[in-house]
$ cat target_36.txt   # compact mmCIF, C-alpha atoms
# COMPACT_ATOMS: atom_id res chain seq x y z
CA MET T 23 33.76 4.19 -49.53
CA ALA T 24 33.04 2.12 -46.43
CA ILE T 25 30.57 2.20 -43.56
CA PRO T 26 31.94 4.70 -41.00
CA GLU T 27 33.16 3.37 -37.66
CA ARG T 28 30.70 5.66 -35.87
CA GLN T 29 27.79 3.98 -37.64
CA LEU T 30 29.15 0.48 -37.02
CA LYS T 31 29.61 1.24 -33.33
CA THR T 32 25.99 2.44 -33.12
CA TRP T 33 24.84 -0.73 -34.87
CA SER T 34 26.79 -2.86 -32.39
CA ASN T 35 24.49 -1.81 -29.53
CA GLN T 36 21.77 -4.09 -28.27
CA GLY T 37 18.15 -3.16 -28.83
CA ALA T 38 15.54 -2.69 -26.11
CA VAL T 39 14.86 -5.65 -23.82
CA GLN T 40 12.19 -4.42 -21.39
CA SER T 41 9.28 -5.16 -23.74
CA SER T 42 10.46 -8.71 -24.39
CA ALA T 43 10.60 -9.41 -20.65
CA ALA T 44 7.12 -7.91 -20.19
CA THR T 45 5.78 -10.03 -23.06
CA HIS T 46 7.28 -13.18 -21.56
CA LYS T 47 5.77 -12.43 -18.14
CA SER T 48 2.33 -11.68 -19.62
CA VAL T 49 2.14 -14.96 -21.58
CA GLU T 50 3.61 -16.94 -18.68
CA ASN T 51 1.02 -15.52 -16.26
CA CYS T 52 -1.75 -16.26 -18.74
CA ILE T 53 -0.82 -19.94 -19.05
CA LYS T 54 -0.46 -20.26 -15.27
CA LYS T 55 -4.18 -19.53 -14.91
CA VAL T 56 -5.05 -23.00 -16.19
CA SER T 57 -5.94 -25.45 -13.41
CA TRP T 58 -3.23 -27.88 -14.40
CA LYS T 59 -3.04 -31.28 -12.72
CA ASP T 60 -0.16 -31.74 -10.26
CA ASP T 61 1.77 -34.00 -12.63
CA VAL T 62 1.66 -31.50 -15.52
CA ASN T 63 5.08 -29.87 -15.59
CA TYR T 64 6.23 -27.17 -17.99
CA VAL T 65 8.62 -24.22 -18.19
CA THR T 66 8.55 -21.06 -20.29
CA TYR T 67 11.60 -19.21 -21.57
CA LEU T 68 12.65 -16.87 -24.35
CA GLN T 69 14.66 -18.13 -27.31
CA GLY T 70 16.17 -16.31 -30.26
CA SER T 71 17.86 -12.92 -30.29
CA TYR T 72 16.63 -11.57 -26.92
CA PRO T 73 18.20 -14.18 -24.58
CA ASN T 74 21.21 -14.36 -26.91
CA TYR T 75 21.67 -10.56 -26.62
CA THR T 76 21.78 -10.23 -30.39
CA ASN T 77 18.53 -8.30 -30.81
CA ILE T 78 18.76 -4.96 -32.59
CA TYR T 79 16.53 -1.89 -32.59
CA GLY T 80 13.46 -2.65 -34.66
CA ASN T 81 13.45 -6.34 -33.60
CA SER T 82 9.96 -6.35 -32.15
CA ASP T 83 8.76 -9.96 -32.27
CA VAL T 84 9.45 -12.30 -29.37
CA ASP T 85 10.02 -16.07 -29.53
CA LEU T 86 8.74 -17.79 -26.41
CA VAL T 87 9.12 -21.50 -25.69
CA VAL T 88 6.57 -23.42 -23.62
CA GLU T 89 8.36 -26.70 -22.91
CA PHE T 90 6.06 -29.49 -21.69
CA ARG T 91 8.28 -31.56 -19.40
CA SER T 92 5.81 -34.22 -18.31
CA ILE T 93 6.97 -36.18 -21.37
CA PHE T 94 10.08 -36.40 -23.52
CA SER T 95 11.01 -37.73 -26.95
CA LYS T 96 14.25 -39.52 -27.65
CA ASP T 97 16.76 -40.80 -30.18
CA LEU T 98 18.20 -44.16 -29.07
CA SER T 99 20.00 -44.99 -32.32
CA ALA T 100 23.48 -44.66 -30.76
CA LEU T 101 22.73 -47.11 -27.94
CA SER T 102 23.69 -50.76 -27.86
CA ALA T 103 21.07 -53.47 -27.58
CA THR T 104 21.86 -53.85 -23.87
CA GLU T 105 21.52 -50.11 -23.28
CA ARG T 106 18.16 -50.08 -25.05
CA GLU T 107 16.90 -52.93 -22.88
CA GLN T 108 17.93 -51.01 -19.76
CA PHE T 109 16.21 -47.87 -21.06
CA ASP T 110 12.97 -49.73 -21.88
CA SER T 111 12.91 -51.33 -18.44
CA ASN T 112 13.19 -47.92 -16.74
CA TYR T 113 10.72 -45.90 -18.83
CA SER T 114 7.09 -46.57 -19.68
CA ASP T 115 4.81 -44.94 -22.27
CA ALA T 116 3.91 -41.30 -21.66
CA LYS T 117 0.66 -40.53 -19.86
CA TYR T 118 0.07 -37.25 -21.69
CA SER T 119 0.43 -36.03 -25.28
CA LEU T 120 1.97 -32.80 -26.51
CA ALA T 121 -1.03 -32.21 -28.79
CA ALA T 122 -3.46 -32.19 -25.84
CA PHE T 123 -1.23 -29.86 -23.85
CA LYS T 124 -0.94 -27.48 -26.83
CA THR T 125 -4.73 -27.43 -27.25
CA SER T 126 -5.08 -26.32 -23.61
CA VAL T 127 -2.44 -23.60 -24.11
CA VAL T 128 -4.21 -22.28 -27.23
CA GLU T 129 -7.56 -22.17 -25.44
CA GLN T 130 -6.06 -20.30 -22.50
CA LEU T 131 -4.26 -17.76 -24.72
CA LYS T 132 -7.57 -17.02 -26.45
CA LEU T 133 -9.24 -16.49 -23.08
CA CYS T 134 -6.52 -14.02 -22.07
CA TYR T 135 -6.04 -12.10 -25.32
CA GLY T 136 -9.16 -12.78 -27.40
CA GLU T 137 -9.86 -15.04 -30.37
CA LYS T 138 -8.71 -12.49 -32.94
CA SER T 139 -5.32 -12.00 -31.24
CA VAL T 140 -4.34 -15.68 -31.29
CA LYS T 141 -3.56 -17.64 -34.46
CA VAL T 142 -2.28 -21.22 -34.65
CA ASP T 143 0.43 -21.07 -37.30
CA ASN T 144 2.32 -24.01 -38.78
CA LYS T 145 5.05 -23.99 -36.12
CA ALA T 146 4.06 -21.55 -33.41
CA ILE T 147 1.03 -19.92 -31.85
CA VAL T 148 1.10 -16.28 -32.92
CA VAL T 149 -0.13 -13.88 -30.22
CA SER T 150 -0.58 -10.28 -31.35
CA GLY T 151 0.87 -7.53 -29.15
CA ASP T 152 -1.15 -4.78 -27.51
CA GLY T 153 0.69 -1.93 -29.23
CA SER T 154 2.48 -0.81 -26.07
CA SER T 155 4.15 -3.00 -23.45
CA ARG T 156 3.39 -6.43 -24.96
CA LEU T 157 5.04 -7.30 -28.26
CA ASP T 158 3.94 -9.74 -30.97
CA CYS T 159 4.91 -13.18 -29.71
CA ASP T 160 5.48 -16.56 -31.35
CA VAL T 161 4.67 -19.17 -28.70
CA LEU T 162 6.33 -22.50 -29.47
CA VAL T 163 4.80 -25.43 -27.61
CA CYS T 164 7.22 -28.37 -27.49
CA ASN T 165 8.56 -31.12 -25.28
CA PRO T 166 12.12 -32.14 -24.35
CA TYR T 167 14.18 -34.16 -26.80
CA ARG T 168 17.03 -36.42 -25.73
CA LYS T 169 19.68 -37.48 -28.22
CA TYR T 170 21.30 -40.30 -26.29
CA LYS T 171 25.03 -40.99 -26.48
CA SER T 172 24.95 -43.81 -23.94
CA TYR T 173 22.68 -45.11 -21.21
CA SER T 174 22.92 -47.01 -17.94
CA ASN T 175 21.04 -47.10 -14.66
CA VAL T 176 23.51 -44.61 -13.19
CA ASN T 177 24.25 -42.45 -16.22
CA ASP T 178 21.87 -40.62 -18.55
CA ASN T 179 24.22 -39.27 -21.23
CA TYR T 180 22.30 -37.30 -23.83
CA ILE T 181 22.20 -34.02 -25.74
CA LYS T 182 19.29 -31.84 -24.65
CA GLY T 183 16.97 -30.42 -27.28
CA ILE T 184 13.30 -29.73 -27.95
CA VAL T 185 10.89 -31.26 -30.45
CA PHE T 186 7.48 -30.43 -31.88
CA LYS T 187 5.36 -31.24 -34.91
CA THR T 188 4.18 -28.77 -37.53
CA GLU T 189 0.47 -28.02 -37.53
CA HIS T 190 -0.54 -27.63 -41.18
CA ASP T 191 1.90 -29.78 -43.19
CA ILE T 192 0.54 -33.03 -44.63
CA PRO T 193 2.03 -35.20 -43.30
CA LYS T 194 3.11 -33.25 -40.24
CA LYS T 195 6.85 -32.67 -39.93
CA THR T 196 8.90 -33.30 -36.81
CA ILE T 197 11.16 -30.35 -35.94
CA ILE T 198 14.09 -30.82 -33.55
CA ASN T 199 16.14 -27.93 -32.23
CA TYR T 200 18.67 -27.15 -29.51
CA PRO T 201 18.06 -23.60 -28.20
CA LYS T 202 19.90 -24.08 -24.91
CA ILE T 203 23.04 -25.33 -26.71
CA HIS T 204 22.74 -22.42 -29.15
CA LEU T 205 22.66 -20.03 -26.20
CA LYS T 206 25.58 -21.72 -24.44
CA ASN T 207 27.78 -21.83 -27.55
CA GLY T 208 27.13 -18.17 -28.26
CA SER T 209 28.16 -17.24 -24.72
CA ILE T 210 31.35 -19.30 -25.03
CA LYS T 211 32.16 -17.72 -28.41
CA ASN T 212 31.67 -14.27 -26.88
CA ARG T 213 34.08 -14.80 -23.99
CA SER T 214 37.04 -12.44 -23.73
CA ASP T 215 39.54 -15.27 -24.26
CA ASN T 216 37.85 -16.18 -27.57
CA THR T 217 36.58 -13.01 -29.24
CA ASN T 218 37.23 -10.22 -26.71
CA GLY T 219 33.48 -10.00 -26.15
CA ASN T 220 33.00 -8.89 -29.76
CA PHE T 221 31.04 -11.84 -31.15
CA LYS T 222 27.58 -10.68 -30.11
CA PRO T 223 28.20 -6.99 -30.97
CA ALA T 224 29.46 -8.16 -34.39
CA VAL T 225 26.29 -10.20 -34.92
CA ARG T 226 24.28 -7.07 -34.18
CA VAL T 227 26.40 -5.10 -36.66
CA LEU T 228 25.79 -7.69 -39.41
CA LYS T 229 22.06 -7.79 -38.62
CA ASN T 230 21.86 -4.01 -38.90
CA ILE T 231 23.82 -4.06 -42.16
CA LYS T 232 21.35 -6.65 -43.47
CA ALA T 233 18.41 -4.42 -42.44
CA ALA T 234 20.01 -1.46 -44.25
CA MET T 235 20.58 -3.64 -47.32
CA VAL T 236 16.91 -4.63 -47.32
CA ASN T 237 15.81 -1.01 -46.92
CA ASN T 238 18.04 0.03 -49.83
CA GLY T 239 16.97 -2.78 -52.15
CA TYR T 240 20.20 -4.80 -52.17
CA ILE T 241 18.50 -7.97 -50.93
CA THR T 242 15.07 -9.17 -49.86
CA LYS T 243 14.32 -9.68 -46.17
CA GLU T 244 13.77 -13.41 -46.75
CA LEU T 245 17.23 -13.97 -48.25
CA ALA T 246 19.10 -14.01 -44.94
CA PRO T 247 16.93 -14.86 -41.90
CA SER T 248 18.36 -13.59 -38.61
CA TYR T 249 18.94 -17.11 -37.21
CA PHE T 250 21.00 -18.17 -40.22
CA LEU T 251 22.91 -14.88 -40.21
CA GLU T 252 23.85 -15.35 -36.55
CA CYS T 253 25.00 -18.91 -37.32
CA LEU T 254 27.04 -17.58 -40.25
CA VAL T 255 28.89 -15.14 -37.99
CA TYR T 256 29.39 -17.93 -35.43
CA ASN T 257 31.56 -19.73 -38.01
CA SER T 258 33.88 -16.75 -38.38
CA ASN T 259 37.36 -17.35 -36.94
CA ASN T 260 37.90 -16.01 -33.43
CA SER T 261 40.90 -14.01 -34.65
CA ASN T 262 38.58 -11.89 -36.80
CA PHE T 263 36.98 -10.47 -33.66
CA GLN T 264 40.28 -9.61 -32.01
CA LYS T 265 40.64 -6.29 -33.81
CA SER T 266 40.59 -2.77 -32.42
CA THR T 267 37.67 -1.35 -34.45
CA PHE T 268 34.34 -2.62 -35.72
CA GLU T 269 35.41 -1.68 -39.23
CA GLU T 270 38.38 -4.05 -39.00
CA ILE T 271 36.24 -6.76 -37.42
CA THR T 272 33.49 -6.49 -40.04
CA VAL T 273 35.91 -6.46 -42.97
CA ALA T 274 37.74 -9.52 -41.57
CA ILE T 275 34.45 -11.42 -41.15
CA ILE T 276 33.20 -10.55 -44.66
CA ASN T 277 36.58 -11.39 -46.22
CA GLN T 278 36.49 -14.84 -44.59
CA PHE T 279 32.97 -15.44 -45.90
CA TYR T 280 34.08 -14.47 -49.41
CA SER T 281 37.15 -16.73 -49.26
CA ASP T 282 35.34 -19.69 -47.67
CA ASN T 283 32.51 -19.42 -50.18
CA LYS T 284 34.95 -19.33 -53.08
CA ASP T 285 36.96 -22.42 -52.03
CA GLY T 286 33.95 -24.40 -50.75
CA THR T 287 34.87 -24.29 -47.06
CA MET T 288 31.59 -22.55 -46.28
CA THR T 289 29.62 -25.70 -47.09
CA ASN T 290 31.07 -27.24 -43.90
CA TYR T 291 29.78 -24.47 -41.62
CA LEU T 292 27.64 -25.63 -38.68
CA VAL T 293 24.66 -23.97 -37.05
CA GLN T 294 25.43 -22.43 -33.67
CA ASN T 295 24.22 -25.46 -31.71
CA GLU T 296 26.68 -27.55 -33.80
CA GLN T 297 24.17 -30.39 -34.24
CA ARG T 298 23.75 -29.99 -38.00
CA LYS T 299 25.32 -28.25 -40.99
CA LEU T 300 24.20 -24.71 -41.72
CA PHE T 301 23.76 -25.35 -45.45
CA GLY T 302 21.65 -28.00 -47.14
CA SER T 303 18.19 -28.83 -48.42
CA ASP T 304 16.53 -29.45 -45.06
CA GLU T 305 13.90 -26.98 -43.86
CA GLN T 306 16.17 -26.02 -40.95
CA GLN T 307 19.12 -25.30 -43.25
CA TRP T 308 20.10 -22.32 -45.37
CA SER T 309 20.60 -22.36 -49.12
CA ILE T 310 24.25 -21.90 -50.13
CA SER T 311 23.07 -19.94 -53.17
CA ASP T 312 21.24 -17.48 -50.90
CA ALA T 313 24.33 -17.14 -48.73
CA THR T 314 26.45 -16.53 -51.85
CA THR T 315 24.09 -13.77 -52.92
CA PHE T 316 24.20 -12.28 -49.44
CA VAL T 317 28.02 -12.23 -49.37
CA THR T 318 28.18 -10.71 -52.86
CA GLN T 319 25.65 -8.03 -51.99
CA ILE T 320 27.13 -7.14 -48.61
CA ILE T 321 30.47 -6.46 -50.31
CA LYS T 322 28.69 -4.32 -52.89
CA PHE T 323 26.76 -2.46 -50.18
CA TRP T 324 29.95 -1.86 -48.15
CA ASN T 325 31.82 -0.46 -51.14
CA GLU T 326 28.92 1.75 -52.25
CA TYR T 327 27.94 3.05 -48.81
$ encode --input "target_36.txt" --output "structure tokens"
Amino acid sequence: MAIPERQLKTWSNQGAVQSSAATHKSVENCIKKVSWKDDVNYVTYLQGSYPNYTNIYGNSDVDLVVEFRSIFSKDLSALSATEREQFDSNYSDAKYSLAAFKTSVVEQLKLCYGEKSVKVDNKAIVVSGDGSSRLDCDVLVCNPYRKYKSYSNVNDNYIKGIVFKTEHDIPKKTIINYPKIHLKNGSIKNRSDNTNGNFKPAVRVLKNIKAAMVNNGYITKELAPSYFLECLVYNSNNSNFQKSTFEEITVAIINQFYSDNKDGTMTNYLVQNEQRKLFGSDEQQWSISDATTFVTQIIKFWNEY
């Protein structure tokens, strides 16, 4: 047996988006109520499955970034000594700290939604939804991160990311990510000349298959987090998406995963922002053993459906 095309086509559809937009607007309006000084600059935007158009029905939590742009962090390791001197002469120490900005955001969220609805978790501020228009929201307070390739007085050449520190780890960990590059690479992958616009629908299909596998006891929910699963599909060859049915597309993707896992090619997979490998021992990486279990179980689920 196999999963019917009708079911796969249904699973390829995007989930609701109105509630995520309403949640974003609510939190954004809340933070705006602070009497910020004129030189405090920040932006808010969604990250994760909603802006990437890979959210599925039942995806209810929203990931919202509050990026504090009055400061930035940097990696200058690729610069020459001369370039570093030029950089140091042009930039002085930051006037503000991310920690102080985050404290103000937390206080304001509690004023808007109540003490019991706001929890400072290790990475994000968790704001509970209202049960109707506003969804549960993970608010990530961060600042820009610049990974410099070169530097001169006329050319700032760097990769744009974000950075924040964990709240409860001892010592605190520094987390660097690249949500804008993730978004851009996903859009490029989805273009008609690459995957016939089938990349994002295929991600939604695989996410729905995973949810069905969890519901039927094939895997645990924690085995294949949605971010890692999307990155896994990103590494699938463009030719796999250039099929006429979702059944053909899904089988081609799974077959590549099985083959690449067997010959070791999968260990070279990158995350969607292409700034690090998908598999490894880092907190922001996936375990190859978990991915192996996922591939084995998805084949079993497909054949037994």
$ residues_around --input "target_36.txt" --residues "Thr242 (chain T)" --least-positions-apart "2" --cutoff "12 Å" --atoms "all atoms listed in the file" --output "PyMOL selection string"
chain T and resi 232-240+244-247+312+315-316+319
$ closest_residue --input "target_36.txt" --among "T:His190, T:Val56, T:Asn230, T:Lys182" --to "Asn35 (chain T)" --atoms "only C-alpha atoms"
T:Asn230
$ residues_around --input "target_36.txt" --residues "Phe221 (chain T)" --least-positions-apart "5" --cutoff "7 Å" --atoms "all atoms listed in the file" --output "list in words"
Lys211, Asn212 and Phe263 of chain T
$ closest_residue --input "target_36.txt" --among "T:Asn74, T:Lys141, T:Gln278, T:Asn175" --to "Asp110 (chain T)" --atoms "all atoms listed in the file"
T:Asn175
$ residues_around --input "target_36.txt" --residues "Leu131 (chain T)" --least-positions-apart "3" --cutoff "8 Å" --atoms "all atoms listed in the file" --output "JSON, numbers by chain"
{"T": [49, 52, 53, 127, 128, 134, 135, 136, 140, 149]}
$ residues_around --input "target_36.txt" --residues "region 281-295 of chain T" --least-positions-apart "5" --cutoff "12 Å" --atoms "only C-alpha atoms" --output "NGL selection string"
:T and (70 or 74 or 181-183 or 198-211 or 249-259 or 274-276 or 300-303 or 306-318)
$ residues_around --input "target_36.txt" --residues "Leu86 (chain T)" --least-positions-apart "3" --cutoff "8 Å" --atoms "all atoms listed in the file" --output "ChimeraX atom specification"
/T:46,66-69,159-162
$ closest_residue --input "target_36.txt" --among "T:Ile321, T:Ala224, T:Val273, T:Val62" --to "Thr32 (chain T)" --atoms "only C-alpha atoms"
T:Ala224
$ closest_residue --input "target_36.txt" --among "T:Leu101, T:Lys222, T:Asn165, T:Pro26" --to "Pro73 (chain T)" --atoms "only C-alpha atoms"
T:Lys222
$ closest_residue --input "target_36.txt" --among "T:Ala146, T:Ala38, T:Val65, T:Ile78" --to "Ser92 (chain T)" --atoms "only C-alpha atoms"
T:Val65
$ atom_distance --input "target_36.txt" --atom1 "CA of Asp178 (chain T)" --atom2 "CA of Arg91 (chain T)"
16.4 Å
$ atom_distance --input "target_36.txt" --atom1 "CA of Thr196 (chain T)" --atom2 "CA of Ser102 (chain T)"
24.6 Å
